[in-house]
Every structure is written in C-alpha cells, then in structure tokens.
>>> print(open('input_38.txt').read())   # compact mmCIF, C-alpha atoms and all ligand atoms
# COMPACT_ATOMS: atom_id res chain seq x y z
CA MET W 1 3.34 35.50 -25.26
CA ALA W 2 5.26 32.77 -23.50
CA ASP W 3 4.39 31.42 -20.09
CA ARG W 4 7.11 30.93 -17.54
CA ILE W 5 7.22 28.68 -14.49
CA VAL W 6 10.21 28.44 -12.15
CA VAL W 7 10.97 25.01 -10.68
CA LYS W 8 12.96 24.93 -7.45
CA ALA W 9 15.74 22.33 -7.19
CA ALA W 10 18.66 21.79 -4.83
CA ALA W 11 21.24 22.41 -7.57
CA GLY W 12 19.47 25.64 -8.63
CA SER W 13 16.04 26.71 -9.83
CA TYR W 14 15.25 26.47 -13.52
CA PRO W 15 12.70 28.09 -15.80
CA VAL W 16 10.16 26.23 -17.90
CA VAL W 17 9.14 28.46 -20.80
CA ILE W 18 6.00 27.46 -22.72
CA GLY W 19 4.93 29.10 -25.96
CA GLU W 20 4.71 28.94 -29.72
CA GLY W 21 7.55 29.74 -32.09
CA LEU W 22 10.08 30.09 -29.25
CA ASP W 23 13.58 31.42 -30.03
CA VAL W 24 15.24 28.60 -28.10
CA GLY W 25 18.80 29.82 -28.69
CA GLY W 26 17.99 33.33 -27.47
CA LEU W 27 16.22 31.92 -24.42
CA ALA W 28 19.24 29.72 -23.66
CA LEU W 29 21.38 32.85 -23.20
CA GLU W 30 19.39 33.52 -20.02
CA VAL W 31 20.86 30.42 -18.38
CA VAL W 32 24.23 29.87 -20.07
CA LYS W 33 26.93 31.89 -21.86
CA PRO W 34 27.58 31.15 -25.55
CA CYS W 35 29.49 27.85 -25.68
CA ARG W 36 29.42 24.59 -27.60
CA ALA W 37 25.89 23.18 -27.67
CA VAL W 38 25.41 19.54 -28.66
CA ILE W 39 21.84 19.05 -29.84
CA VAL W 40 20.75 15.46 -29.22
CA SER W 41 17.62 14.32 -31.07
CA ASP W 42 16.07 11.30 -32.75
CA ASP W 43 15.57 10.44 -36.41
CA ASN W 44 11.89 11.47 -36.35
CA VAL W 45 12.30 14.78 -34.57
CA PHE W 46 15.59 16.00 -36.02
CA PRO W 47 14.37 16.19 -39.64
CA LEU W 48 11.34 18.20 -38.44
CA TYR W 49 12.84 20.61 -35.90
CA GLY W 50 16.61 20.07 -35.92
CA GLU W 51 17.46 22.73 -38.44
CA SER W 52 15.43 25.50 -36.84
CA ALA W 53 16.79 24.66 -33.38
CA SER W 54 20.37 24.56 -34.69
CA LYS W 55 19.93 27.89 -36.47
CA SER W 56 18.41 29.47 -33.39
CA PHE W 57 21.34 28.36 -31.19
CA ALA W 58 23.89 29.41 -33.82
CA ALA W 59 22.26 32.82 -34.19
CA ALA W 60 22.53 33.30 -30.43
CA GLY W 61 26.29 32.67 -30.64
CA PHE W 62 26.50 28.97 -29.78
CA ASP W 63 28.82 26.63 -31.66
CA VAL W 64 26.42 23.80 -32.55
CA ALA W 65 27.08 20.08 -33.00
CA THR W 66 24.39 17.42 -33.42
CA PHE W 67 23.95 13.79 -32.40
CA VAL W 68 20.93 11.87 -33.72
CA VAL W 69 19.74 8.54 -32.29
CA LYS W 70 17.23 6.09 -33.69
CA ASN W 71 13.74 6.90 -32.35
CA GLY W 72 11.97 4.72 -29.80
CA GLU W 73 12.43 3.15 -26.38
CA ALA W 74 14.88 0.58 -27.79
CA SER W 75 17.48 3.37 -28.04
CA LYS W 76 17.23 4.20 -24.34
CA ASN W 77 20.15 2.03 -23.27
CA LEU W 78 23.78 2.19 -22.20
CA ASP W 79 25.06 1.55 -25.74
CA THR W 80 23.46 4.78 -26.91
CA VAL W 81 24.79 6.63 -23.88
CA SER W 82 28.22 5.16 -24.53
CA ALA W 83 28.17 6.30 -28.16
CA LEU W 84 27.02 9.78 -27.10
CA LEU W 85 29.74 10.05 -24.44
CA ALA W 86 32.38 8.99 -26.99
CA PHE W 87 31.06 11.66 -29.36
CA LEU W 88 31.28 14.32 -26.62
CA ALA W 89 34.86 13.28 -25.81
CA GLY W 90 35.76 13.33 -29.52
CA GLU W 91 34.28 16.82 -29.85
CA LYS W 92 36.33 17.91 -26.81
CA ILE W 93 33.22 19.10 -24.98
CA THR W 94 34.16 20.79 -21.69
CA ARG W 95 32.34 21.41 -18.42
CA THR W 96 31.18 24.84 -19.59
CA ASP W 97 29.50 23.39 -22.70
CA ILE W 98 25.94 22.08 -22.81
CA LEU W 99 23.75 19.33 -24.22
CA VAL W 100 20.32 20.12 -25.64
CA ALA W 101 17.67 17.37 -25.64
CA LEU W 102 15.36 17.96 -28.62
CA GLY W 103 12.66 15.29 -28.59
CA GLY W 104 10.37 13.19 -26.44
CA GLY W 105 11.03 11.51 -23.14
CA VAL W 106 13.43 8.98 -24.65
CA VAL W 107 15.78 11.67 -25.96
CA GLY W 108 15.37 13.67 -22.74
CA ASP W 109 16.25 10.71 -20.52
CA ILE W 110 19.31 9.69 -22.59
CA THR W 111 20.60 13.24 -22.91
CA GLY W 112 20.02 14.09 -19.26
CA PHE W 113 21.85 10.97 -18.15
CA ALA W 114 24.81 11.62 -20.46
CA ALA W 115 24.93 15.21 -19.14
CA ALA W 116 24.82 13.90 -15.56
CA VAL W 117 27.84 11.65 -16.00
CA PHE W 118 30.04 13.30 -18.68
CA LEU W 119 32.92 15.00 -16.84
CA ARG W 120 30.90 14.29 -13.66
CA GLY W 121 28.13 16.56 -14.83
CA ILE W 122 27.61 19.25 -17.46
CA GLY W 123 24.57 21.44 -18.07
CA PHE W 124 21.69 20.48 -20.32
CA ILE W 125 18.54 22.06 -21.69
CA GLN W 126 15.31 20.18 -22.40
CA ILE W 127 13.27 20.99 -25.50
CA PRO W 128 10.36 18.52 -25.17
CA THR W 129 8.50 17.77 -28.40
CA THR W 130 5.87 15.33 -27.08
CA LEU W 131 3.05 16.22 -24.68
CA LEU W 132 4.34 13.54 -22.30
CA ALA W 133 7.83 15.05 -22.25
CA ALA W 134 6.38 18.56 -21.80
CA VAL W 135 4.09 17.75 -18.87
CA ASP W 136 6.07 14.95 -17.26
CA SER W 137 9.58 13.76 -18.16
CA SER W 138 11.29 17.12 -18.85
CA VAL W 139 10.47 18.42 -15.36
CA GLY W 140 11.80 16.93 -12.15
CA GLY W 141 15.42 16.06 -12.93
CA LYS W 142 15.11 12.29 -13.26
CA THR W 143 17.34 10.97 -16.04
CA GLY W 144 18.34 7.47 -17.02
CA VAL W 145 18.16 4.51 -19.34
CA ASP W 146 16.87 0.94 -19.43
CA LEU W 147 18.78 -2.28 -18.81
CA PRO W 148 17.87 -5.65 -20.37
CA GLY W 149 16.47 -6.48 -16.92
CA GLY W 150 14.01 -3.60 -16.78
CA LYS W 151 13.07 -0.01 -17.56
CA ASN W 152 14.84 2.99 -16.01
CA LEU W 153 17.16 0.83 -13.89
CA VAL W 154 20.19 3.10 -14.38
CA GLY W 155 19.98 6.80 -13.80
CA ALA W 156 20.82 9.97 -11.97
CA PHE W 157 19.08 13.03 -10.64
CA HIS W 158 20.31 15.91 -12.79
CA ARG W 159 18.18 18.98 -13.15
CA PRO W 160 18.10 20.79 -16.49
CA LEU W 161 19.31 24.39 -16.80
CA ALA W 162 15.99 25.22 -18.47
CA VAL W 163 13.06 23.66 -20.31
CA PHE W 164 11.74 25.26 -23.50
CA CYS W 165 8.43 23.85 -24.62
CA ASP W 166 7.22 24.93 -28.04
CA VAL W 167 3.69 23.57 -28.27
CA SER W 168 3.61 24.01 -32.06
CA ALA W 169 5.72 20.81 -32.22
CA PHE W 170 2.74 18.74 -31.06
CA ALA W 171 1.08 19.25 -34.47
CA SER W 172 3.31 16.58 -36.01
CA LEU W 173 2.89 13.98 -33.24
CA PRO W 174 1.85 10.53 -34.47
CA ALA W 175 -1.69 9.43 -33.62
CA GLY W 176 -1.88 8.19 -30.05
CA GLU W 177 1.17 10.08 -28.76
CA TYR W 178 -0.91 13.07 -27.68
CA SER W 179 -3.31 10.81 -25.76
CA CYS W 180 -0.33 9.17 -24.12
CA GLY W 181 0.63 12.52 -22.62
CA MET W 182 -3.01 13.17 -21.72
CA ALA W 183 -2.95 10.11 -19.44
CA GLU W 184 -0.36 11.90 -17.28
CA VAL W 185 -2.47 15.06 -17.45
CA VAL W 186 -5.52 13.19 -16.15
CA LYS W 187 -3.29 11.64 -13.46
CA HIS W 188 -2.16 15.10 -12.35
CA GLY W 189 -5.78 16.22 -12.17
CA MET W 190 -6.76 13.19 -10.10
CA ILE W 191 -3.98 13.71 -7.56
CA ALA W 192 -3.90 17.50 -7.41
CA ASP W 193 -6.49 19.47 -9.39
CA ALA W 194 -10.10 18.37 -9.74
CA GLY W 195 -10.97 21.70 -11.37
CA MET W 196 -8.64 21.03 -14.28
CA LEU W 197 -10.38 17.70 -14.99
CA GLY W 198 -13.63 19.58 -15.49
CA SER W 199 -12.09 22.15 -17.85
CA LEU W 200 -9.85 19.85 -19.93
CA ALA W 201 -12.08 19.91 -23.00
CA GLY W 202 -11.73 23.67 -23.39
CA MET W 203 -8.01 24.04 -22.62
CA THR W 204 -5.36 24.81 -25.25
CA ALA W 205 -2.17 22.73 -25.40
CA ALA W 206 -0.24 25.63 -23.89
CA GLU W 207 -2.71 25.93 -21.01
CA ILE W 208 -2.52 22.19 -20.42
CA CYS W 209 1.28 22.32 -20.37
CA ARG W 210 1.39 25.29 -18.04
CA ARG W 211 -0.98 23.83 -15.45
CA ASN W 212 0.61 20.39 -15.56
CA VAL W 213 4.16 21.68 -15.24
CA GLU W 214 2.94 23.63 -12.19
CA ILE W 215 1.44 20.47 -10.69
CA LYS W 216 4.46 18.29 -11.42
CA ALA W 217 6.81 21.00 -10.13
CA SER W 218 4.87 21.43 -6.90
CA VAL W 219 5.13 17.68 -6.20
CA VAL W 220 8.81 17.26 -7.13
CA GLU W 221 9.83 20.41 -5.25
CA LYS W 222 8.55 18.81 -2.04
CA ASP W 223 10.44 15.55 -2.68
CA GLU W 224 13.12 16.12 -5.32
CA PHE W 225 14.95 12.85 -4.64
CA ASP W 226 11.85 10.66 -4.55
CA THR W 227 11.72 9.35 -1.01
CA GLY W 228 8.07 10.08 -0.21
CA ILE W 229 5.35 12.31 -1.61
CA ARG W 230 6.70 12.12 -5.18
CA ASN W 231 5.26 8.59 -5.14
CA LEU W 232 1.86 10.19 -5.72
CA LEU W 233 2.94 10.63 -9.34
CA ASN W 234 2.75 6.84 -9.61
CA PHE W 235 -1.05 6.91 -9.46
CA GLY W 236 -2.27 4.28 -11.94
CA HIS W 237 1.30 3.18 -12.67
CA THR W 238 1.54 -0.07 -10.65
CA VAL W 239 -1.39 -1.73 -12.44
CA GLY W 240 -0.48 0.24 -15.58
CA HIS W 241 3.01 -1.24 -15.51
CA ALA W 242 1.43 -4.70 -15.15
CA VAL W 243 -0.72 -4.07 -18.24
CA GLU W 244 2.35 -2.96 -20.22
CA VAL W 245 4.26 -6.09 -19.19
CA LEU W 246 1.33 -8.47 -19.85
CA SER W 247 0.82 -6.98 -23.32
CA GLY W 248 4.52 -7.37 -24.12
CA TYR W 249 4.61 -3.55 -24.33
CA ALA W 250 2.08 -3.59 -27.19
CA VAL W 251 -0.21 -1.38 -25.07
CA SER W 252 1.22 2.14 -24.87
CA HIS W 253 2.25 3.60 -21.53
CA GLY W 254 -0.58 6.14 -21.58
CA SER W 255 -3.26 3.57 -22.40
CA ALA W 256 -1.89 1.30 -19.66
CA VAL W 257 -1.91 4.11 -17.09
CA ALA W 258 -5.52 4.91 -18.05
CA VAL W 259 -6.45 1.30 -17.25
CA GLY W 260 -4.38 1.35 -14.06
CA MET W 261 -6.05 4.51 -12.77
CA THR W 262 -9.49 3.09 -13.56
CA VAL W 263 -8.88 -0.27 -11.85
CA ILE W 264 -7.44 1.34 -8.71
CA THR W 265 -10.14 3.99 -8.50
CA ARG W 266 -12.95 1.45 -8.90
CA ALA W 267 -11.34 -0.88 -6.34
CA SER W 268 -10.85 1.98 -3.88
CA GLU W 269 -14.40 3.20 -4.32
CA ARG W 270 -15.77 -0.30 -3.72
CA SER W 271 -13.52 -0.75 -0.69
CA GLY W 272 -14.83 2.47 0.85
CA LEU W 273 -11.42 4.18 0.60
CA THR W 274 -12.61 6.73 -1.94
CA GLU W 275 -15.56 9.09 -2.04
CA SER W 276 -17.76 8.48 -5.07
CA PRO W 277 -18.19 9.84 -7.76
CA CYS W 278 -14.42 9.63 -8.21
CA LEU W 279 -14.64 6.92 -10.86
CA GLU W 280 -17.23 8.87 -12.83
CA THR W 281 -15.01 11.98 -12.86
CA LEU W 282 -12.02 9.89 -13.97
CA ALA W 283 -14.01 8.17 -16.74
CA ALA W 284 -15.25 11.50 -18.10
CA ALA W 285 -11.73 12.95 -18.15
CA LEU W 286 -10.31 9.84 -19.85
CA GLU W 287 -12.97 10.09 -22.53
CA ILE W 288 -11.97 13.68 -23.30
CA ALA W 289 -8.36 12.48 -23.41
CA GLY W 290 -9.28 9.77 -25.93
CA LEU W 291 -8.39 6.94 -23.55
CA SER W 292 -10.23 3.88 -22.32
CA GLY W 293 -10.14 2.40 -18.83
CA GLU W 294 -11.26 -1.03 -19.92
CA CYS W 295 -9.03 -3.87 -18.77
CA ARG W 296 -8.69 -7.17 -20.61
CA TYR W 297 -6.49 -8.94 -18.07
CA GLY W 298 -7.46 -10.91 -14.98
CA ALA W 299 -6.69 -9.96 -11.38
CA ASP W 300 -4.30 -12.89 -10.92
CA ASP W 301 -2.13 -11.93 -13.91
CA LEU W 302 -2.23 -8.24 -13.01
CA ALA W 303 -1.25 -8.86 -9.39
CA ARG W 304 1.61 -11.16 -10.38
CA ALA W 305 2.98 -8.68 -12.92
CA ALA W 306 2.54 -5.79 -10.48
CA MET W 307 4.75 -7.55 -7.94
CA SER W 308 7.75 -6.91 -10.18
CA ASP W 309 7.11 -3.16 -9.84
CA LYS W 310 9.81 -1.03 -8.22
CA LYS W 311 7.32 0.21 -5.63
CA ARG W 312 7.28 -3.11 -3.88
CA ALA W 313 9.30 -3.33 -0.65
CA GLY W 314 9.35 -6.83 0.85
CA ASN W 315 5.79 -7.97 1.51
CA VAL W 316 4.25 -4.54 1.17
CA ILE W 317 3.41 -2.60 -1.97
CA THR W 318 2.72 1.14 -1.91
CA LEU W 319 -0.35 2.03 -3.92
CA VAL W 320 -1.63 5.50 -4.70
CA ILE W 321 -5.29 5.68 -3.76
CA PRO W 322 -7.54 8.56 -4.79
CA LYS W 323 -9.51 10.01 -1.87
CA ARG W 324 -11.62 12.17 -4.14
CA PRO W 325 -10.89 13.89 -7.47
CA GLY W 326 -7.89 16.18 -6.86
CA ARG W 327 -6.61 14.37 -3.82
CA ALA W 328 -4.69 11.09 -3.43
CA GLU W 329 -2.81 9.30 -0.68
CA LEU W 330 -0.16 6.63 -0.39
CA TYR W 331 -1.52 3.34 0.88
CA ARG W 332 0.69 0.48 2.01
CA MET W 333 -0.94 -2.84 1.18
CA PRO W 334 0.34 -6.33 2.08
CA VAL W 335 1.11 -8.01 -1.24
CA ASP W 336 -1.17 -10.96 -0.44
CA GLN W 337 -4.17 -8.58 -0.53
CA LEU W 338 -3.30 -7.07 -3.89
CA GLU W 339 -5.05 -9.63 -6.08
CA SER W 340 -8.40 -9.42 -4.30
CA PHE W 341 -8.14 -5.62 -4.27
CA ILE W 342 -7.46 -5.52 -8.02
CA ALA W 343 -10.35 -7.97 -8.56
CA LYS W 344 -12.72 -5.39 -7.03
CA GLY W 345 -11.47 -2.93 -9.63
CA LEU W 346 -12.35 -5.30 -12.47
CA GLU W 347 -15.92 -6.17 -11.51
CA PRO W 348 -18.40 -4.59 -13.90
N1 LIG K 401 12.50 11.24 -16.56
C1 LIG K 401 11.25 11.18 -16.17
O1 LIG K 401 10.87 11.72 -15.12
C2 LIG K 401 10.25 10.46 -17.01
C3 LIG K 401 8.88 10.58 -16.74
C4 LIG K 401 7.97 9.94 -17.57
C5 LIG K 401 8.42 9.21 -18.67
N2 LIG K 401 9.76 9.11 -18.90
C6 LIG K 401 10.27 8.36 -20.05
O2 LIG K 401 9.83 9.01 -21.22
C7 LIG K 401 9.83 8.07 -22.29
C8 LIG K 401 8.56 8.25 -23.09
O3 LIG K 401 8.58 9.53 -23.67
P1 LIG K 401 7.69 9.88 -24.95
O4 LIG K 401 6.32 9.39 -24.73
O5 LIG K 401 7.91 11.31 -25.26
O6 LIG K 401 8.31 8.91 -26.07
P2 LIG K 401 9.36 9.10 -27.23
O7 LIG K 401 10.46 10.00 -26.85
O8 LIG K 401 9.72 7.74 -27.67
O9 LIG K 401 8.50 9.82 -28.38
C9 LIG K 401 7.43 9.11 -28.96
C10 LIG K 401 7.57 9.05 -30.50
O10 LIG K 401 7.21 10.31 -31.05
C11 LIG K 401 8.25 10.80 -31.89
N3 LIG K 401 8.19 12.24 -31.76
C12 LIG K 401 8.56 12.98 -30.67
N4 LIG K 401 8.21 14.26 -30.86
C13 LIG K 401 7.63 14.34 -32.07
C14 LIG K 401 7.04 15.40 -32.80
N5 LIG K 401 6.93 16.63 -32.28
N6 LIG K 401 6.55 15.14 -34.03
C15 LIG K 401 6.63 13.86 -34.55
N7 LIG K 401 7.14 12.81 -33.88
C16 LIG K 401 7.63 13.06 -32.66
C17 LIG K 401 9.50 10.13 -31.40
O11 LIG K 401 10.48 10.05 -32.40
C18 LIG K 401 8.99 8.77 -30.98
O12 LIG K 401 8.92 7.92 -32.08
C19 LIG K 401 9.94 6.69 -21.64
O13 LIG K 401 11.23 6.18 -21.86
C20 LIG K 401 9.73 6.97 -20.17
O14 LIG K 401 10.43 6.07 -19.34
C21 LIG K 401 10.67 9.72 -18.10
ZN ZN K 402 3.76 7.64 -16.69
>>> encode(input="input_38.txt", output="structure tokens", more="lines below")
Ligand SMILES: NC(=O)c1ccc[n+]([C@@H]2O[C@H](COP(=O)([O-])OP(=O)(O)OC[C@H]3O[C@@H](n4cnc5c(N)ncnc54)[C@H](O)[C@@H]3O)[C@@H](O)[C@H]2O)c1
Ligand SMILES: [Zn+2]
Amino acid sequence: MADRIVVKAAAGSYPVVIGEGLDVGGLALEVVKPCRAVIVSDDNVFPLYGESASKSFAAAGFDVATFVVKNGEASKNLDTVSALLAFLAGEKITRTDILVALGGGVVGDITGFAAAVFLRGIGFIQIPTTLLAAVDSSVGGKTGVDLPGGKNLVGAFHRPLAVFCDVSAFASLPAGEYSCGMAEVVKHGMIADAGMLGSLAGMTAAEICRRNVEIKASVVEKDEFDTGIRNLLNFGHTVGHAVEVLSGYAVSHGSAVAVGMTVITRASERSGLTESPCLETLAAALEIAGLSGECRYGADDLARAAMSDKKRAGNVITLVIPKRPGRAELYRMPVDQLESFIAKGLEP
C-alpha cells in the first residue's frame, strides 16, 4: 500500500507517493503522457537503482535516456547544469518531455534547475533516494546550484510534476546519511508536531516520510515563494550553517543543524523566550535520531560565521525561536546581540 499526499502549488498541485517497490514508470503516467524521459542520477545511485527505474519507465511506454553525474555536493554547480542542458539539446528534448531526478538532494536540485530553465521550463519528476531528499528537498519546488561564492546562490522555483519516494532505497544509504535526514525530521517536529517527536522511535521510514512531507507541504503551501512563514524551516540552520562553515564542511549538514537547534533552544530557554522543557524534548529526539547537540565552537566564531547567512538583512538577523515543542516563531534580532545570545546557548 502506498501513501499519497497532494501538495498545492501555484503552477499546479502534485502528488507525493510513498511506498515500497513502487512502479515509478506506471505512476508517472498519472501526471504525464508517454514521452522522452531523461533520468538524471549520480554514480552511486545509478548503479543501484538506475536499471530498475529505466525499465519501469520503458515498460510504461517512455523513451528513456540517462545522464549520470559524479556524486556529491561538488557536482552541484553550473558546469554540471551546462553539461546536462547540452545533453538535452543534443537529444532534441522538447517541452512535452520530462526529466526524472533519481537520487538525493544534489541530483534533485541540479535536475530541477535544469528542468526550470531548459526551453524556459519542462516538467520533472523527483525520485528521492535519501531520507533528506524524501522529507525535505524533493518537496517545495526550490531548485538550484552552488556558486564558488556560496551554496544555493543560483536557482528557481519549479515544482515537480510528482514525487515518488520508494523507502526501500534507504537500505543502501551510507552510514550517517539517514541521521542527516533525521535532523530535518526533528526540526519539523520542533516547529510543527510535538507528538511526532515522542513517537519517533516507533515509526517506520514510510511513516516518517509521510508525516514529514505533510509538515513540509503545509508550511510551503502557505508561503511557496519564501517571503515569510517558510523561514520557520530554517530552525537550527543559522547556527548550523556557521558550524558547517567553521568546520570547512567536514561536519555534515544534519549534524550541524542538530547543534544549531540545540544552541538556539538552550539560548531561548535561558532568555525566557521558550517554555522549558523544550531543550529536554529536543535532546531526547536527537538521541533517537543518532545526533548530538554538542558544540565545539565558541560564540564569537559562531556569530561571525552566522553573519554570512542569507537570513541576515542589514543589521538584523531573523532567527527561528522555539516557543515550546511543536511551535516556533520568527524573531528579529539586532546582529550586535547575536554573540551574547549564542553564548547563552553554549553554557553548560
Ligand atoms: N531544494 C531544497 O529545498 C533543498 C532542501 C534541503 C536540502 N537541499 C540540498 O540537498 C542536498 C543534500 O541532499 P542529500 O543529503 O540527499 O545529499 P546527496 O544527494 O549528496 O546524497 C548523499 C550521498 O548519498 C548517496 N546516495 C543517495 N541515495 C543513496 C542510496 N539510496 N543508496 C546509497 N547511496 C545513496 C549519494 O550518491 C551521495 O553520495 C544539498 O545540496 C542541499 O543544499 C535542497
Ligand atoms: Zn537543512
């Protein structure tokens, strides 16, 4: 039995189907007529799932081509997009054809961006193969790539035609990648669903995906183009981003977000902005997720690195502050108060 969630978007609603052993090609026929389908994947994922996805699309009547990129964030750049666009032009892909992103968030972001700009926009389908892509990046329509000057600096809003999440793919995830996705799951719980935090330990991967797609969808539906409430999804990400930068990206995104959420929650609790026992609830959920909130950087370094975050506007930075588990608010803080606030989040 597959679960199905419909996400509303200005350009048209799209289904997110979650299950095991999905017939992705057959499901695609619900949103697009048989056409040319270019499956974009990376060199880890394609050898594992490329053949079965290709066969499934071919069996449903699609004419399949494939484009495989090197795995990892280093591929998420304009050179890769350029090579993909040249491939699409060479294959004479038309506006009625589609791209299929088979992989994690890197493949999803590259493919979505290429689909957004090729011929001024063609359709694409997301087949997330990491927990992070399933619960976060495949939903919401943000696509884009990195520039030498920073992450995700080029992009477009381009909603997928559909998202097909086959949770059996998580079995082959490298150690640590599942926890990385769990950081976003804990974040969703902290901003929108305290009950889920309490039940995490007993939930299956499919249940986790379903609930988290619902949460992400409900936030992005209210603010598709990211001008307000969608900022709540940045909980833990300003300090988390600082940790990533200070570590030279040696600390994974999920581990950094776990630290960021912990520092902000402790600081908010000590500043009287948050009802205790918010920190306790967060710590328990992070433990189940296999993540630690311990921070090895000082408040001065963290504050300085956080200033380079996109969420800064002039002398004010917008932080996401938990009010209690399951509820968070945006909080505009003068940048000169950030360091002392972070320091409160580091005290033992
Ligand atoms: N568009 C958005 O809204 C949004 C939101 C959050 C994150 N992101 C982006 O997502 C990216 C991170 O995504 P990610 O964590 O999925 O990383 P990723 O795509 O790099 O995947 C992580 C690693 O796991 C491998 N892999 C993927 N699926 C596998 C599987 N089933 N079995 C074995 N190996 C597998 C990949 O090859 C890669 O080496 C970042 O670039 C981030 O900016 C985008
Ligand atoms: Zn994140």
>>> closest_atom_pairs(input="input_38.txt", of="segment 12-110 of chain W", to="segment 163-185 of chain W", cutoff="6 Å", atoms="only C-alpha atoms", output="tab-separated table")
residue	atom	partner	partner_atom	distance
W:Val16	CA	W:Val163	CA	4.6
W:Val17	CA	W:Phe164	CA	4.9
W:Ile18	CA	W:Cys165	CA	4.7
W:Gly19	CA	W:Asp166	CA	5.2
W:Glu20	CA	W:Asp166	CA	5.0
>>> residues_near_ligand(input="input_38.txt", ligand="ligand ZN 402 (chain K)", cutoff="10 Å", atoms="all atoms listed in the file", output="NGL selection string")
:W and (132 or 136-137 or 180-181 or 183-185 or 187 or 233-237 or 240-241 or 253-258)
>>> residues_around(input="input_38.txt", residues="Phe157 of chain W", least_positions_apart="2", cutoff="10 Å", atoms="all atoms listed in the file", output="PyMOL selection string")
chain W and resi 112-113+116+140-144+155+159-160+224-226
>>> residues_around(input="input_38.txt", residues="Asp79 of chain W", least_positions_apart="3", cutoff="12 Å", atoms="only C-alpha atoms", output="VMD selection string")
chain W and resid 69 74 to 76 82 to 86 110 114 145 to 148
>>> closest_residue(input="input_38.txt", among="W:Thr66, W:Ser199, W:Gln337, W:Ser52", to="Met307 of chain W", atoms="all atoms listed in the file")
W:Gln337
>>> axis_aligned_box(input="input_38.txt", around="segment 321-330 of chain W", padding_each_side="4 Å", output="AutoDock Vina command-line options")
--center_x -5.9 --center_y 10.9 --center_z -3.9 --size_x 19.5 --size_y 18.5 --size_z 15.1
>>> residues_around(input="input_38.txt", residues="Ala134 of chain W", least_positions_apart="4", cutoff="8 Å", atoms="all atoms listed in the file", output="PDB file with C-alpha atoms, in the coordinates of the input")
ATOM      1  CA  PRO W 128      10.360  18.520 -25.170  1.00  0.00           C
ATOM      2  CA  THR W 129       8.500  17.770 -28.400  1.00  0.00           C
ATOM      3  CA  THR W 130       5.870  15.330 -27.080  1.00  0.00           C
ATOM      4  CA  SER W 138      11.290  17.120 -18.850  1.00  0.00           C
ATOM      5  CA  VAL W 139      10.470  18.420 -15.360  1.00  0.00           C
ATOM      6  CA  CYS W 165       8.430  23.850 -24.620  1.00  0.00           C
ATOM      7  CA  CYS W 209       1.280  22.320 -20.370  1.00  0.00           C
ATOM      8  CA  VAL W 213       4.160  21.680 -15.240  1.00  0.00           C
TER       9      VAL W 213
END
>>> closest_residue(input="input_38.txt", among="W:Val154, W:Ile264, W:Leu286, W:Met196", to="ligand LIG 401 (chain K)", atoms="all atoms listed in the file")
W:Val154
>>> closest_residue(input="input_38.txt", among="W:Arg296, W:Arg304, W:Lys344, W:Ala201", to="Gly272 of chain W", atoms="all atoms listed in the file")
W:Lys344
>>> atom_distance(input="input_38.txt", atom1="atom CA of Val100 of chain W", atom2="atom CA of Leu232 of chain W")
28.9 Å
>>> residues_around(input="input_38.txt", residues="Arg332 of chain W", least_positions_apart="4", cutoff="12 Å", atoms="all atoms listed in the file", output="ChimeraX atom specification")
/W:231,311-321,336-338
>>> closest_residue(input="input_38.txt", among="W:Lys55, W:Arg270, W:Arg230, W:Lys323", to="ligand LIG 401 (chain K)", atoms="only C-alpha atoms and all ligand atoms")
W:Arg230
>>> closest_residue(input="input_38.txt", among="W:Tyr331, W:Phe87, W:Phe46, W:Tyr14", to="Val31 of chain W", atoms="all atoms listed in the file")
W:Tyr14
>>> residues_near_point(input="input_38.txt", point="(5.9, 35.1, -13.8)", cutoff="12 Å", atoms="all atoms listed in the file", output="PyMOL selection string")
chain W and resi 1-7+15-18+210+214
>>> closest_residue(input="input_38.txt", among="W:Glu244, W:Glu339, W:Asp42, W:Asp193", to="ligand LIG 401 (chain K)", atoms="only C-alpha atoms and all ligand atoms")
W:Asp42
